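Shown below: data.cif, with mmCIF, C-alpha atoms.
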data_query
loop_
_atom_site.group_PDB
_atom_site.id
_atom_site.type_symbol
_atom_site.label_atom_id
_atom_site.label_comp_id
_atom_site.auth_asym_id
_atom_site.auth_seq_id
_atom_site.Cartn_x
_atom_site.Cartn_y
_atom_site.Cartn_z
ATOM 1 C CA MET A 108 35.040 -221.194 241.502
ATOM 2 C CA ILE A 109 34.208 -218.235 239.302
ATOM 3 C CA ILE A 110 31.641 -217.042 241.875
ATOM 4 C CA LYS A 111 34.283 -217.083 244.611
ATOM 5 C CA TYR A 112 36.682 -215.143 242.388
ATOM 6 C CA THR A 113 33.990 -212.567 241.583
ATOM 7 C CA LEU A 114 33.176 -212.069 245.263
ATOM 8 C CA GLN A 115 36.865 -211.572 246.027
ATOM 9 C CA ARG A 116 37.140 -208.937 243.330
ATOM 10 C CA LEU A 117 34.009 -207.176 244.602
ATOM 11 C CA LEU A 118 35.404 -207.038 248.140
ATOM 12 C CA MET A 119 38.633 -205.553 246.808
ATOM 13 C CA LEU A 120 36.647 -202.696 245.271
ATOM 14 C CA ILE A 121 35.568 -201.423 248.707
ATOM 15 C CA PRO A 122 38.954 -200.035 249.851
ATOM 16 C CA VAL A 123 39.701 -198.901 246.296
ATOM 17 C CA SER A 124 36.436 -196.957 246.158
ATOM 18 C CA LEU A 125 37.127 -195.300 249.503
ATOM 19 C CA SER A 126 40.626 -194.318 248.418
ATOM 20 C CA ILE A 127 39.328 -192.848 245.169
ATOM 21 C CA SER A 128 36.636 -190.902 247.025
ATOM 22 C CA VAL A 129 39.293 -189.335 249.263
ATOM 23 C CA VAL A 130 41.396 -188.341 246.251
ATOM 24 C CA ILE A 131 38.395 -186.873 244.437
ATOM 25 C CA PHE A 132 37.296 -184.900 247.483
ATOM 26 C CA LEU A 133 40.755 -183.466 248.176
ATOM 27 C CA VAL A 134 41.483 -182.585 244.558
ATOM 28 C CA VAL A 135 38.159 -180.785 244.159
ATOM 29 C CA HIS A 136 38.386 -178.841 247.420
ATOM 30 C CA LEU A 137 42.029 -177.864 247.025
ATOM 31 C CA LEU A 138 41.447 -176.275 243.621
ATOM 32 C CA PRO A 139 41.572 -172.463 243.659
ATOM 33 C CA GLY A 140 38.239 -170.687 243.604
ATOM 34 C CA ASP A 141 35.079 -170.613 245.692
ATOM 35 C CA PRO A 142 31.580 -171.685 244.559
ATOM 36 C CA ILE A 143 30.069 -168.988 246.780
ATOM 37 C CA ASP A 144 31.525 -166.375 244.408
ATOM 38 C CA ASN A 145 29.073 -167.562 241.741
ATOM 39 C CA LEU A 146 26.122 -167.068 244.085
ATOM 40 C CA MET A 147 26.827 -163.682 245.626
ATOM 41 C CA ARG A 148 25.371 -160.604 244.019
ATOM 42 C CA VAL A 149 27.300 -157.388 243.585
ATOM 43 C CA GLY A 150 27.309 -155.466 246.842
ATOM 44 C CA SER A 151 26.505 -158.455 249.056
ATOM 45 C CA SER A 152 27.612 -158.039 252.656
ATOM 46 C CA PRO A 153 30.103 -160.297 254.439
ATOM 47 C CA GLU A 154 27.216 -161.529 256.577
ATOM 48 C CA ASP A 155 25.363 -162.721 253.482
ATOM 49 C CA ARG A 156 28.477 -164.552 252.327
ATOM 50 C CA LEU A 157 28.950 -166.166 255.737
ATOM 51 C CA ALA A 158 25.308 -167.274 255.818
ATOM 52 C CA MET A 159 25.674 -168.880 252.381
ATOM 53 C CA THR A 160 28.904 -170.605 253.446
ATOM 54 C CA VAL A 161 27.222 -172.038 256.541
ATOM 55 C CA LYS A 162 24.184 -173.136 254.512
ATOM 56 C CA TYR A 163 26.289 -175.375 252.276
ATOM 57 C CA GLY A 164 28.551 -176.582 255.082
ATOM 58 C CA LEU A 165 31.691 -174.968 253.667
ATOM 59 C CA ASP A 166 32.544 -173.527 257.070
ATOM 60 C CA ARG A 167 33.334 -177.012 258.388
ATOM 61 C CA THR A 168 36.730 -178.657 258.253
ATOM 62 C CA LEU A 169 37.626 -180.817 255.255
ATOM 63 C CA VAL A 170 37.403 -183.960 257.380
ATOM 64 C CA GLU A 171 33.880 -183.105 258.516
ATOM 65 C CA GLN A 172 32.809 -182.237 254.978
ATOM 66 C CA TYR A 173 34.220 -185.517 253.651
ATOM 67 C CA LEU A 174 32.517 -187.627 256.312
ATOM 68 C CA LEU A 175 29.190 -185.901 255.683
ATOM 69 C CA TRP A 176 29.593 -186.425 251.930
ATOM 70 C CA ILE A 177 30.417 -190.139 252.286
ATOM 71 C CA ARG A 178 27.491 -190.666 254.648
ATOM 72 C CA SER A 179 25.182 -189.030 252.131
ATOM 73 C CA ILE A 180 26.621 -191.095 249.258
ATOM 74 C CA LEU A 181 26.064 -194.338 251.167
ATOM 75 C CA SER A 182 22.424 -193.354 251.678
ATOM 76 C CA GLY A 183 22.020 -192.606 247.958
ATOM 77 C CA ASP A 184 22.109 -188.822 248.323
ATOM 78 C CA PHE A 185 24.776 -187.005 246.268
ATOM 79 C CA GLY A 186 23.901 -183.672 247.854
ATOM 80 C CA GLU A 187 22.557 -180.480 246.315
ATOM 81 C CA ALA A 188 24.269 -178.474 243.606
ATOM 82 C CA ILE A 189 25.466 -175.166 245.035
ATOM 83 C CA VAL A 190 25.074 -173.103 241.865
ATOM 84 C CA LEU A 191 22.255 -174.938 240.045
ATOM 85 C CA ARG A 192 20.415 -175.563 243.336
ATOM 86 C CA ARG A 193 19.145 -178.969 242.276
ATOM 87 C CA PRO A 194 19.840 -182.452 243.646
ATOM 88 C CA VAL A 195 23.100 -183.738 242.195
ATOM 89 C CA SER A 196 21.583 -187.191 241.693
ATOM 90 C CA ALA A 197 18.839 -185.677 239.512
ATOM 91 C CA LEU A 198 21.441 -183.849 237.406
ATOM 92 C CA ILE A 199 23.490 -187.035 236.998
ATOM 93 C CA TRP A 200 20.542 -189.239 236.036
ATOM 94 C CA GLN A 201 19.328 -186.561 233.626
ATOM 95 C CA ASN A 202 22.657 -186.501 231.779
ATOM 96 C CA LEU A 203 23.785 -190.119 232.219
ATOM 97 C CA PRO A 204 21.625 -191.612 229.404
ATOM 98 C CA TYR A 205 23.293 -189.337 226.841
ATOM 99 C CA SER A 206 26.770 -190.423 227.971
ATOM 100 C CA LEU A 207 25.775 -194.094 228.064
ATOM 101 C CA THR A 208 24.322 -193.949 224.550
ATOM 102 C CA LEU A 209 27.405 -192.244 223.177
ATOM 103 C CA GLY A 210 29.709 -194.612 225.067
ATOM 104 C CA ALA A 211 27.871 -197.769 223.998
ATOM 105 C CA LEU A 212 27.921 -196.830 220.315
ATOM 106 C CA ALA A 213 31.584 -195.770 220.436
ATOM 107 C CA PHE A 214 32.459 -198.999 222.264
ATOM 108 C CA ALA A 215 30.698 -201.177 219.693
ATOM 109 C CA PHE A 216 32.194 -199.257 216.775
ATOM 110 C CA SER A 217 35.771 -199.333 218.088
ATOM 111 C CA SER A 218 35.543 -202.985 219.146
ATOM 112 C CA ILE A 219 34.232 -204.348 215.844
ATOM 113 C CA VAL A 220 36.382 -202.224 213.552
ATOM 114 C CA GLY A 221 39.452 -202.630 215.782
ATOM 115 C CA MET A 222 39.258 -206.427 215.839
ATOM 116 C CA ILE A 223 38.758 -206.546 212.069
ATOM 117 C CA ALA A 224 41.694 -204.182 211.465
ATOM 118 C CA GLY A 225 43.947 -206.110 213.832
ATOM 119 C CA THR A 226 43.035 -209.436 212.237
ATOM 120 C CA VAL A 227 43.639 -208.117 208.719
ATOM 121 C CA SER A 228 47.000 -206.691 209.771
ATOM 122 C CA ALA A 229 48.070 -209.991 211.354
ATOM 123 C CA VAL A 230 47.056 -212.365 208.557
ATOM 124 C CA ALA A 231 47.527 -210.202 205.480
ATOM 125 C CA LYS A 232 50.419 -211.253 203.288
ATOM 126 C CA ASN A 233 50.264 -207.954 201.418
ATOM 127 C CA PRO A 234 52.892 -205.615 202.943
ATOM 128 C CA VAL A 235 51.003 -202.539 201.725
ATOM 129 C CA VAL A 236 47.865 -203.531 203.640
ATOM 130 C CA GLU A 237 49.893 -204.317 206.736
ATOM 131 C CA GLN A 238 51.709 -200.972 206.632
ATOM 132 C CA VAL A 239 48.456 -199.063 206.123
ATOM 133 C CA VAL A 240 46.883 -200.723 209.168
ATOM 134 C CA LYS A 241 50.031 -200.098 211.226
ATOM 135 C CA ALA A 242 50.008 -196.432 210.233
ATOM 136 C CA PHE A 243 46.326 -196.202 211.171
ATOM 137 C CA ILE A 244 47.053 -197.785 214.550
ATOM 138 C CA LEU A 245 49.899 -195.335 215.198
ATOM 139 C CA LEU A 246 47.781 -192.352 214.152
ATOM 140 C CA GLY A 247 44.848 -193.380 216.319
ATOM 141 C CA SER A 248 47.130 -193.858 219.327
ATOM 142 C CA THR A 249 48.663 -190.385 219.139
ATOM 143 C CA VAL A 250 45.925 -187.982 217.959
ATOM 144 C CA PRO A 251 44.213 -186.202 220.922
ATOM 145 C CA SER A 252 40.438 -186.671 220.922
ATOM 146 C CA PHE A 253 39.625 -182.974 221.363
ATOM 147 C CA TRP A 254 41.811 -182.050 218.369
ATOM 148 C CA LEU A 255 40.230 -184.790 216.271
ATOM 149 C CA ALA A 256 36.795 -183.514 217.302
ATOM 150 C CA LEU A 257 37.634 -180.046 216.021
ATOM 151 C CA LEU A 258 38.875 -181.502 212.717
ATOM 152 C CA MET A 259 35.671 -183.538 212.399
ATOM 153 C CA ILE A 260 33.556 -180.426 212.921
ATOM 154 C CA LEU A 261 35.594 -178.407 210.434
ATOM 155 C CA LEU A 262 35.450 -181.074 207.711
ATOM 156 C CA PHE A 263 32.077 -182.791 208.041
ATOM 157 C CA SER A 264 29.977 -179.996 209.569
ATOM 158 C CA VAL A 265 31.394 -176.668 208.411
ATOM 159 C CA THR A 266 32.863 -177.640 205.014
ATOM 160 C CA LEU A 267 30.646 -180.501 203.836
ATOM 161 C CA GLY A 268 27.559 -179.820 205.962
ATOM 162 C CA TRP A 269 26.794 -183.518 206.413
ATOM 163 C CA PHE A 270 26.282 -183.555 210.183
ATOM 164 C CA PRO A 271 25.222 -180.995 212.807
ATOM 165 C CA VAL A 272 27.904 -179.152 214.723
ATOM 166 C CA SER A 273 26.329 -179.712 218.137
ATOM 167 C CA GLY A 274 23.239 -180.880 219.981
ATOM 168 C CA ALA A 275 21.534 -184.225 220.530
ATOM 169 C CA LYS A 276 18.152 -183.850 218.846
ATOM 170 C CA THR A 277 18.709 -186.309 215.978
ATOM 171 C CA TRP A 278 20.700 -189.514 215.475
ATOM 172 C CA THR A 279 22.991 -187.683 213.037
ATOM 173 C CA ALA A 280 24.350 -185.652 215.958
ATOM 174 C CA LEU A 281 25.838 -188.888 217.302
ATOM 175 C CA VAL A 282 27.923 -189.734 214.237
ATOM 176 C CA LEU A 283 30.857 -187.365 214.727
ATOM 177 C CA PRO A 284 31.180 -187.883 218.520
ATOM 178 C CA VAL A 285 31.077 -191.679 218.047
ATOM 179 C CA LEU A 286 33.743 -191.519 215.336
ATOM 180 C CA THR A 287 35.901 -189.220 217.466
ATOM 181 C CA ILE A 288 35.812 -191.398 220.583
ATOM 182 C CA GLY A 289 35.967 -194.650 218.655
ATOM 183 C CA PHE A 290 38.996 -193.683 216.573
ATOM 184 C CA GLY A 291 41.465 -194.041 219.427
ATOM 185 C CA GLY A 292 39.741 -197.223 220.571
ATOM 186 C CA ILE A 293 40.088 -198.783 217.137
ATOM 187 C CA ALA A 294 43.844 -198.265 217.262
ATOM 188 C CA LEU A 295 44.142 -199.808 220.719
ATOM 189 C CA VAL A 296 41.955 -202.841 220.004
ATOM 190 C CA ALA A 297 43.618 -203.403 216.622
ATOM 191 C CA ARG A 298 47.081 -203.304 218.161
ATOM 192 C CA VAL A 299 46.186 -205.791 220.919
ATOM 193 C CA THR A 300 44.416 -208.108 218.443
ATOM 194 C CA ARG A 301 47.339 -208.037 216.024
ATOM 195 C CA VAL A 302 49.965 -208.751 218.697
ATOM 196 C CA ALA A 303 47.907 -211.591 220.162
ATOM 197 C CA LEU A 304 47.344 -213.232 216.774
ATOM 198 C CA VAL A 305 51.007 -212.927 215.749
ATOM 199 C CA GLU A 306 52.187 -214.498 219.003
ATOM 200 C CA ILE A 307 49.709 -217.365 218.869
ATOM 201 C CA ALA A 308 50.484 -218.042 215.202
ATOM 202 C CA ARG A 309 54.062 -218.882 216.242
ATOM 203 C CA GLN A 310 52.959 -221.652 218.626
ATOM 204 C CA ASP A 311 53.764 -225.276 217.839
ATOM 205 C CA PHE A 312 50.135 -226.381 217.736
ATOM 206 C CA VAL A 313 49.474 -223.973 214.864
ATOM 207 C CA THR A 314 52.290 -225.567 212.874
ATOM 208 C CA LEU A 315 50.701 -228.945 213.573
ATOM 209 C CA LEU A 316 47.332 -227.690 212.327
ATOM 210 C CA HIS A 317 48.931 -226.546 209.081
ATOM 211 C CA ALA A 318 50.641 -229.940 208.760
ATOM 212 C CA LYS A 319 47.259 -231.651 209.081
ATOM 213 C CA GLY A 320 46.091 -229.758 206.014
ATOM 214 C CA LEU A 321 43.537 -227.435 207.645
ATOM 215 C CA SER A 322 42.701 -224.350 205.642
ATOM 216 C CA ARG A 323 43.913 -220.930 206.746
ATOM 217 C CA SER A 324 40.375 -219.730 207.403
ATOM 218 C CA THR A 325 39.608 -222.755 209.589
ATOM 219 C CA ILE A 326 42.770 -222.254 211.624
ATOM 220 C CA LEU A 327 42.051 -218.533 211.987
ATOM 221 C CA PHE A 328 38.415 -218.711 213.070
ATOM 222 C CA ARG A 329 38.419 -221.972 215.006
ATOM 223 C CA HIS A 330 41.810 -221.814 216.720
ATOM 224 C CA LEU A 331 43.661 -218.491 216.489
ATOM 225 C CA LEU A 332 40.845 -216.042 217.227
ATOM 226 C CA PRO A 333 39.487 -217.946 220.266
ATOM 227 C CA HIS A 334 42.975 -218.015 221.811
ATOM 228 C CA ALA A 335 43.616 -214.360 220.947
ATOM 229 C CA PHE A 336 40.276 -213.335 222.424
ATOM 230 C CA LEU A 337 41.576 -213.408 226.018
ATOM 231 C CA PRO A 338 43.755 -210.254 225.935
ATOM 232 C CA VAL A 339 41.210 -208.572 223.660
ATOM 233 C CA VAL A 340 38.415 -209.152 226.186
ATOM 234 C CA THR A 341 40.569 -207.620 228.918
ATOM 235 C CA ILE A 342 41.294 -204.467 226.945
ATOM 236 C CA LEU A 343 37.660 -204.182 225.817
ATOM 237 C CA ALA A 344 36.478 -204.306 229.419
ATOM 238 C CA LEU A 345 38.899 -201.543 230.355
ATOM 239 C CA ARG A 346 37.562 -199.528 227.435
ATOM 240 C CA ILE A 347 34.166 -199.302 229.190
ATOM 241 C CA GLY A 348 35.523 -196.834 231.708
ATOM 242 C CA TRP A 349 37.972 -195.198 229.339
ATOM 243 C CA ILE A 350 35.219 -194.358 226.860
ATOM 244 C CA LEU A 351 33.104 -192.567 229.479
ATOM 245 C CA GLY A 352 36.193 -190.708 230.658
ATOM 246 C CA GLY A 353 37.186 -189.783 227.116
ATOM 247 C CA ALA A 354 33.673 -188.537 226.418
ATOM 248 C CA VAL A 355 34.184 -185.640 228.837
ATOM 249 C CA THR A 356 36.013 -183.379 226.391
ATOM 250 C CA VAL A 357 34.221 -184.741 223.326
ATOM 251 C CA GLU A 358 30.770 -183.973 224.742
ATOM 252 C CA PHE A 359 31.866 -180.445 225.581
ATOM 253 C CA VAL A 360 33.393 -179.811 222.144
ATOM 254 C CA PHE A 361 30.255 -181.047 220.354
ATOM 255 C CA GLY A 362 27.924 -179.270 222.785
ATOM 256 C CA ARG A 363 26.182 -182.492 223.763
ATOM 257 C CA PRO A 364 24.417 -183.044 227.091
ATOM 258 C CA GLY A 365 26.049 -185.669 229.275
ATOM 259 C CA LEU A 366 28.272 -186.198 232.292
ATOM 260 C CA GLY A 367 31.204 -184.613 230.471
ATOM 261 C CA SER A 368 29.454 -181.339 229.752
ATOM 262 C CA LEU A 369 27.961 -181.299 233.245
ATOM 263 C CA LEU A 370 31.383 -181.886 234.804
ATOM 264 C CA ILE A 371 33.148 -179.154 232.833
ATOM 265 C CA ARG A 372 30.417 -176.602 233.589
ATOM 266 C CA ALA A 373 30.549 -177.500 237.272
ATOM 267 C CA LEU A 374 34.345 -177.179 237.299
ATOM 268 C CA GLY A 375 34.081 -173.654 235.924
ATOM 269 C CA GLN A 376 31.580 -172.777 238.664
ATOM 270 C CA ARG A 377 33.518 -174.649 241.398
ATOM 271 C CA ASP A 378 30.289 -176.492 242.223
ATOM 272 C CA TYR A 379 31.848 -179.058 244.547
ATOM 273 C CA PRO A 380 28.924 -181.515 244.946
ATOM 274 C CA VAL A 381 28.363 -181.776 241.177
ATOM 275 C CA VAL A 382 32.074 -182.206 240.397
ATOM 276 C CA GLN A 383 32.445 -184.847 243.108
ATOM 277 C CA GLY A 384 29.376 -186.735 241.929
ATOM 278 C CA CYS A 385 30.441 -186.745 238.276
ATOM 279 C CA LEU A 386 34.023 -187.783 239.051
ATOM 280 C CA LEU A 387 32.789 -190.542 241.344
ATOM 281 C CA MET A 388 30.499 -191.893 238.616
ATOM 282 C CA LEU A 389 33.355 -191.887 236.096
ATOM 283 C CA ALA A 390 35.636 -193.634 238.594
ATOM 284 C CA LEU A 391 32.968 -196.268 239.259
ATOM 285 C CA ALA A 392 32.669 -196.837 235.512
ATOM 286 C CA VAL A 393 36.413 -197.500 235.277
ATOM 287 C CA MET A 394 36.279 -199.877 238.257
ATOM 288 C CA LEU A 395 33.254 -201.662 236.794
ATOM 289 C CA GLY A 396 35.065 -202.128 233.486
ATOM 290 C CA THR A 397 38.107 -203.494 235.309
ATOM 291 C CA LEU A 398 35.913 -205.901 237.271
ATOM 292 C CA ILE A 399 34.195 -207.141 234.119
ATOM 293 C CA GLY A 400 37.570 -207.636 232.450
ATOM 294 C CA ASP A 401 38.981 -209.576 235.400
ATOM 295 C CA VAL A 402 35.922 -211.815 235.684
ATOM 296 C CA ALA A 403 35.839 -212.443 231.931
ATOM 297 C CA GLN A 404 39.549 -213.249 231.944
ATOM 298 C CA ALA A 405 39.083 -215.633 234.859
ATOM 299 C CA ALA A 406 36.158 -217.328 233.119
ATOM 300 C CA LEU A 407 38.201 -217.852 229.957
ATOM 301 C CA ASP A 408 41.496 -218.787 231.631
ATOM 302 C CA PRO A 409 41.421 -221.124 234.686
ATOM 303 C CA ARG A 410 45.014 -220.145 235.493
ATOM 304 C CA VAL A 411 43.821 -216.709 236.561
ATOM 305 C CA ARG A 412 41.361 -218.212 239.050
ATOM 306 C CA GLU A 413 43.945 -220.623 240.406
ATOM 307 C CA ALA A 414 46.440 -217.812 240.973
ATOM 308 C CA THR A 415 44.072 -216.151 243.477
ATOM 309 C CA THR A 416 43.227 -219.256 245.496
#

Any chance you could put this one into C-alpha cells?
Amino acid sequence: MIIKYTLQRLLMLIPVSLSISVVIFLVVHLLPGDPIDNLMRVGSSPEDRLAMTVKYGLDRTLVEQYLLWIRSILSGDFGEAIVLRRPVSALIWQNLPYSLTLGALAFAFSSIVGMIAGTVSAVAKNPVVEQVVKAFILLGSTVPSFWLALLMILLFSVTLGWFPVSGAKTWTALVLPVLTIGFGGIALVARVTRVALVEIARQDFVTLLHAKGLSRSTILFRHLLPHAFLPVVTILALRIGWILGGAVTVEFVFGRPGLGSLLIRALGQRDYPVVQGCLLMLALAVMLGTLIGDVAQAALDPRVREATT
C-alpha cells in the first residue's frame, strides 16, 4: 500500500518539475541584463558580440532555448557557464557538499531544539517558562535570516572574536551559519510541536490515562509524543527544502562556498545556465522534502493512504 502511494507521488512530481522548469527559465531570461556584457572587452565590435551570442545559443527564440536546455538536463548535462566557462554540473557538485553540510547541521539543530522547546512550552505549568518559549517562537518567526546573520557577525565575530567572520576552512566557521539558519526553524518546529501536544492532551483517551493513574512522564513519552509526531514529521520534511533555500542569503553573508553563493554571483553576472541549474537544484530539494513528508505521513497515518485510493 505504501509502495503504491509512493509511486503515485513520484509520478505527480513529473508535471510539477516541468512546470517549475518553465517558470525558472522564463524568470531568469526575462530579467534585465545580458550575460554577454560580462564577456565583451572594451572596444569589441558588434560582430564579436554577435559571434558570442551565437556561440551560447542566445540568438535562438526562448522556446528553442528552453527545449535545448530541457533536453540537456534529461541527459545529465546542465550546460556550460557563460562567464566562468566551466560545466555547470561541475560547479554545482563542487559547491553542493558545503550547502548539504550546512543544511544537515542546521536541520538537526533546529529539529532537536525545536521539539524540546515545544514540548516544554506545552507541558510546563510555570507561566514564566511558557511565556519565554512563546516569545522565543514569535521572535524566531519574524526575524529575517540575513539580518540575524549580520547581528551574529557583529556580536560573536567582531565584538567577542569567538568565531571567524567568513570562510569554510574550520568547523568553527559553521557555528554562526548553523545558528542563523536554525533559529527560524526552531521557532517553527516548536510552534507545531506545542500546538500538536496541546490538542492531543485535550482528547478523551488522555483523560482516561490520567484516571488509570499513569504518571505524567509515561503519558507524555508513550502516548502524547507519538501522536504529536505526525504533524511534526510533515513540517520537518518540508524544512529539508526550506533550509537549502534559506541558506542562499546566509552563505553569501558569511562568505561561505555553496549553492547560495554560486547562485548570487551568477545572478549578478546574468549567467543563465548557472542560475537555472542552481534554482532547479533548490526546487528539487523542496520537492524531495515534500515527497519525504507525504510518504512519512502516509506511513504513520493509514487515513492518508486510504484518501488517495

So which residues get picked by the PyMOL selection byres ((chain A and resi 310-313) around 12) here, written as an mmCIF file with C-alpha atoms, in the coordinates of the input?
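Writing done, so here's result.cif:
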data_model
loop_
_atom_site.group_PDB
_atom_site.id
_atom_site.type_symbol
_atom_site.label_atom_id
_atom_site.label_comp_id
_atom_site.auth_asym_id
_atom_site.auth_seq_id
_atom_site.Cartn_x
_atom_site.Cartn_y
_atom_site.Cartn_z
ATOM 1 C CA ALA A 303 47.907 -211.591 220.162
ATOM 2 C CA LEU A 304 47.344 -213.232 216.774
ATOM 3 C CA VAL A 305 51.007 -212.927 215.749
ATOM 4 C CA GLU A 306 52.187 -214.498 219.003
ATOM 5 C CA ILE A 307 49.709 -217.365 218.869
ATOM 6 C CA ALA A 308 50.484 -218.042 215.202
ATOM 7 C CA ARG A 309 54.062 -218.882 216.242
ATOM 8 C CA THR A 314 52.290 -225.567 212.874
ATOM 9 C CA LEU A 315 50.701 -228.945 213.573
ATOM 10 C CA LEU A 316 47.332 -227.690 212.327
ATOM 11 C CA HIS A 317 48.931 -226.546 209.081
ATOM 12 C CA ALA A 318 50.641 -229.940 208.760
ATOM 13 C CA LYS A 319 47.259 -231.651 209.081
ATOM 14 C CA GLY A 320 46.091 -229.758 206.014
ATOM 15 C CA LEU A 321 43.537 -227.435 207.645
ATOM 16 C CA SER A 322 42.701 -224.350 205.642
ATOM 17 C CA ARG A 323 43.913 -220.930 206.746
ATOM 18 C CA THR A 325 39.608 -222.755 209.589
ATOM 19 C CA ILE A 326 42.770 -222.254 211.624
ATOM 20 C CA LEU A 327 42.051 -218.533 211.987
ATOM 21 C CA ARG A 329 38.419 -221.972 215.006
ATOM 22 C CA HIS A 330 41.810 -221.814 216.720
ATOM 23 C CA LEU A 331 43.661 -218.491 216.489
ATOM 24 C CA LEU A 332 40.845 -216.042 217.227
ATOM 25 C CA HIS A 334 42.975 -218.015 221.811
#

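Taking all atoms listed in the file into account, Ser206 (chain A) lies nearest to A:Leu366 out of the set A:Leu366, A:Val360, A:Leu295, A:Leu395.
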
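Residue neighbourhood of Ala188 (chain A), excluding near-sequence residues (fewer than 3 positions): Tyr163, Phe185, Leu191, Arg192, Arg193, Pro194, Val195, Ser196, Ala197, Leu198, Ala373, Asp378, Tyr379, Pro380, Val381, Val382 and Gly384 of chain A, at 10 Å, using all atoms listed in the file.
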
Skipping near chain neighbours, those fewer than 2 positions away, what residues fall within 12 Å of Leu203 (chain A) using only C-alpha atoms, listed as an MDAnalysis selection string?
-> chainID A and resid 195:201 205:211 351 354:355 358 363:370 384:385 388:389 392

Find the smallest box with edges along x, y and z containing every listed atom of region 177-185 of chain A, then add 4 Å on each side and report centre and edge lengths in Å to one decimal, as JSON.
{"center_x": 26.2, "center_y": -190.7, "center_z": 250.5, "size_x": 16.4, "size_y": 15.3, "size_z": 16.4}

Quick one: apply the PyMOL selection byres ((chain A and resi 241) around 12) to the file and drop the selected residues here as a compact mmCIF listing (two decimals) with C-alpha atoms, in the coordinates of the input.
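In the end it all went to out.txt:
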# COMPACT_ATOMS: atom_id res chain seq x y z
CA GLY A 221 39.45 -202.63 215.78
CA ALA A 224 41.69 -204.18 211.46
CA GLY A 225 43.95 -206.11 213.83
CA THR A 226 43.04 -209.44 212.24
CA VAL A 227 43.64 -208.12 208.72
CA SER A 228 47.00 -206.69 209.77
CA ALA A 229 48.07 -209.99 211.35
CA ALA A 231 47.53 -210.20 205.48
CA PRO A 234 52.89 -205.62 202.94
CA VAL A 235 51.00 -202.54 201.72
CA VAL A 236 47.86 -203.53 203.64
CA GLU A 237 49.89 -204.32 206.74
CA GLN A 238 51.71 -200.97 206.63
CA VAL A 239 48.46 -199.06 206.12
CA VAL A 240 46.88 -200.72 209.17
CA ALA A 242 50.01 -196.43 210.23
CA PHE A 243 46.33 -196.20 211.17
CA ILE A 244 47.05 -197.78 214.55
CA LEU A 245 49.90 -195.34 215.20
CA LEU A 246 47.78 -192.35 214.15
CA GLY A 247 44.85 -193.38 216.32
CA SER A 248 47.13 -193.86 219.33
CA ILE A 293 40.09 -198.78 217.14
CA ALA A 294 43.84 -198.26 217.26
CA LEU A 295 44.14 -199.81 220.72
CA ALA A 297 43.62 -203.40 216.62
CA ARG A 298 47.08 -203.30 218.16
CA VAL A 299 46.19 -205.79 220.92
CA ARG A 301 47.34 -208.04 216.02
CA VAL A 302 49.96 -208.75 218.70

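Applied to the file shown here, the PyMOL selection byres ((chain A and resi 289) around 7) selects Ala213, Phe214, Phe216, Ser217, Val285, Leu286, Thr287, Ile288, Phe290, Gly291, Gly292 and Ile293 of chain A.
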
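Nearest to Phe336 (chain A) of all the residues A:Ser218, A:Ser126, A:Gln172, A:Thr160 is A:Ser218, based on only C-alpha atoms.
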
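Between Ile350 (chain A) and the candidates A:Leu120, A:Val393, A:Leu257, A:Leu262, the tightest atom-to-atom separation, counting only C-alpha atoms, involves A:Val393.
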
Show which residues sit within 10 Å of Val129 (chain A), as a PyMOL selection string. Count only C-alpha atoms, and ignore same-chain residues fewer than 6 positions away.
-> chain A and resi 170+173-174+177

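Computed from the coordinates, the CA of Ala403 (chain A) to CA of Leu343 (chain A) distance equals 10.4 Å.
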
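Minimum atom-to-atom distances from A:Glu171, A:Asp401, A:Met394, A:Met222 to Val123 (chain A) were compared using all atoms listed in the file, and the lowest value belongs to A:Met394.
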
From the set A:Val340, A:Leu181, A:Ile347, A:Ile143, which residue has the shortest atom-to-atom contact distance to Gly400 (chain A), counting all atoms listed in the file?
-> A:Val340

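Picture a line from CA of Thr249 (chain A) to CA of Val357 (chain A); it runs 16.1 Å.
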
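Pairwise distance (CA of Thr341 (chain A), CA of Ile399 (chain A)) equals 8.2 Å.
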
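Proximity of A:Ser252, A:Gln404, A:Thr279, A:Gln376 to Pro139 (chain A), computed with only C-alpha atoms, is greatest for A:Gln376.
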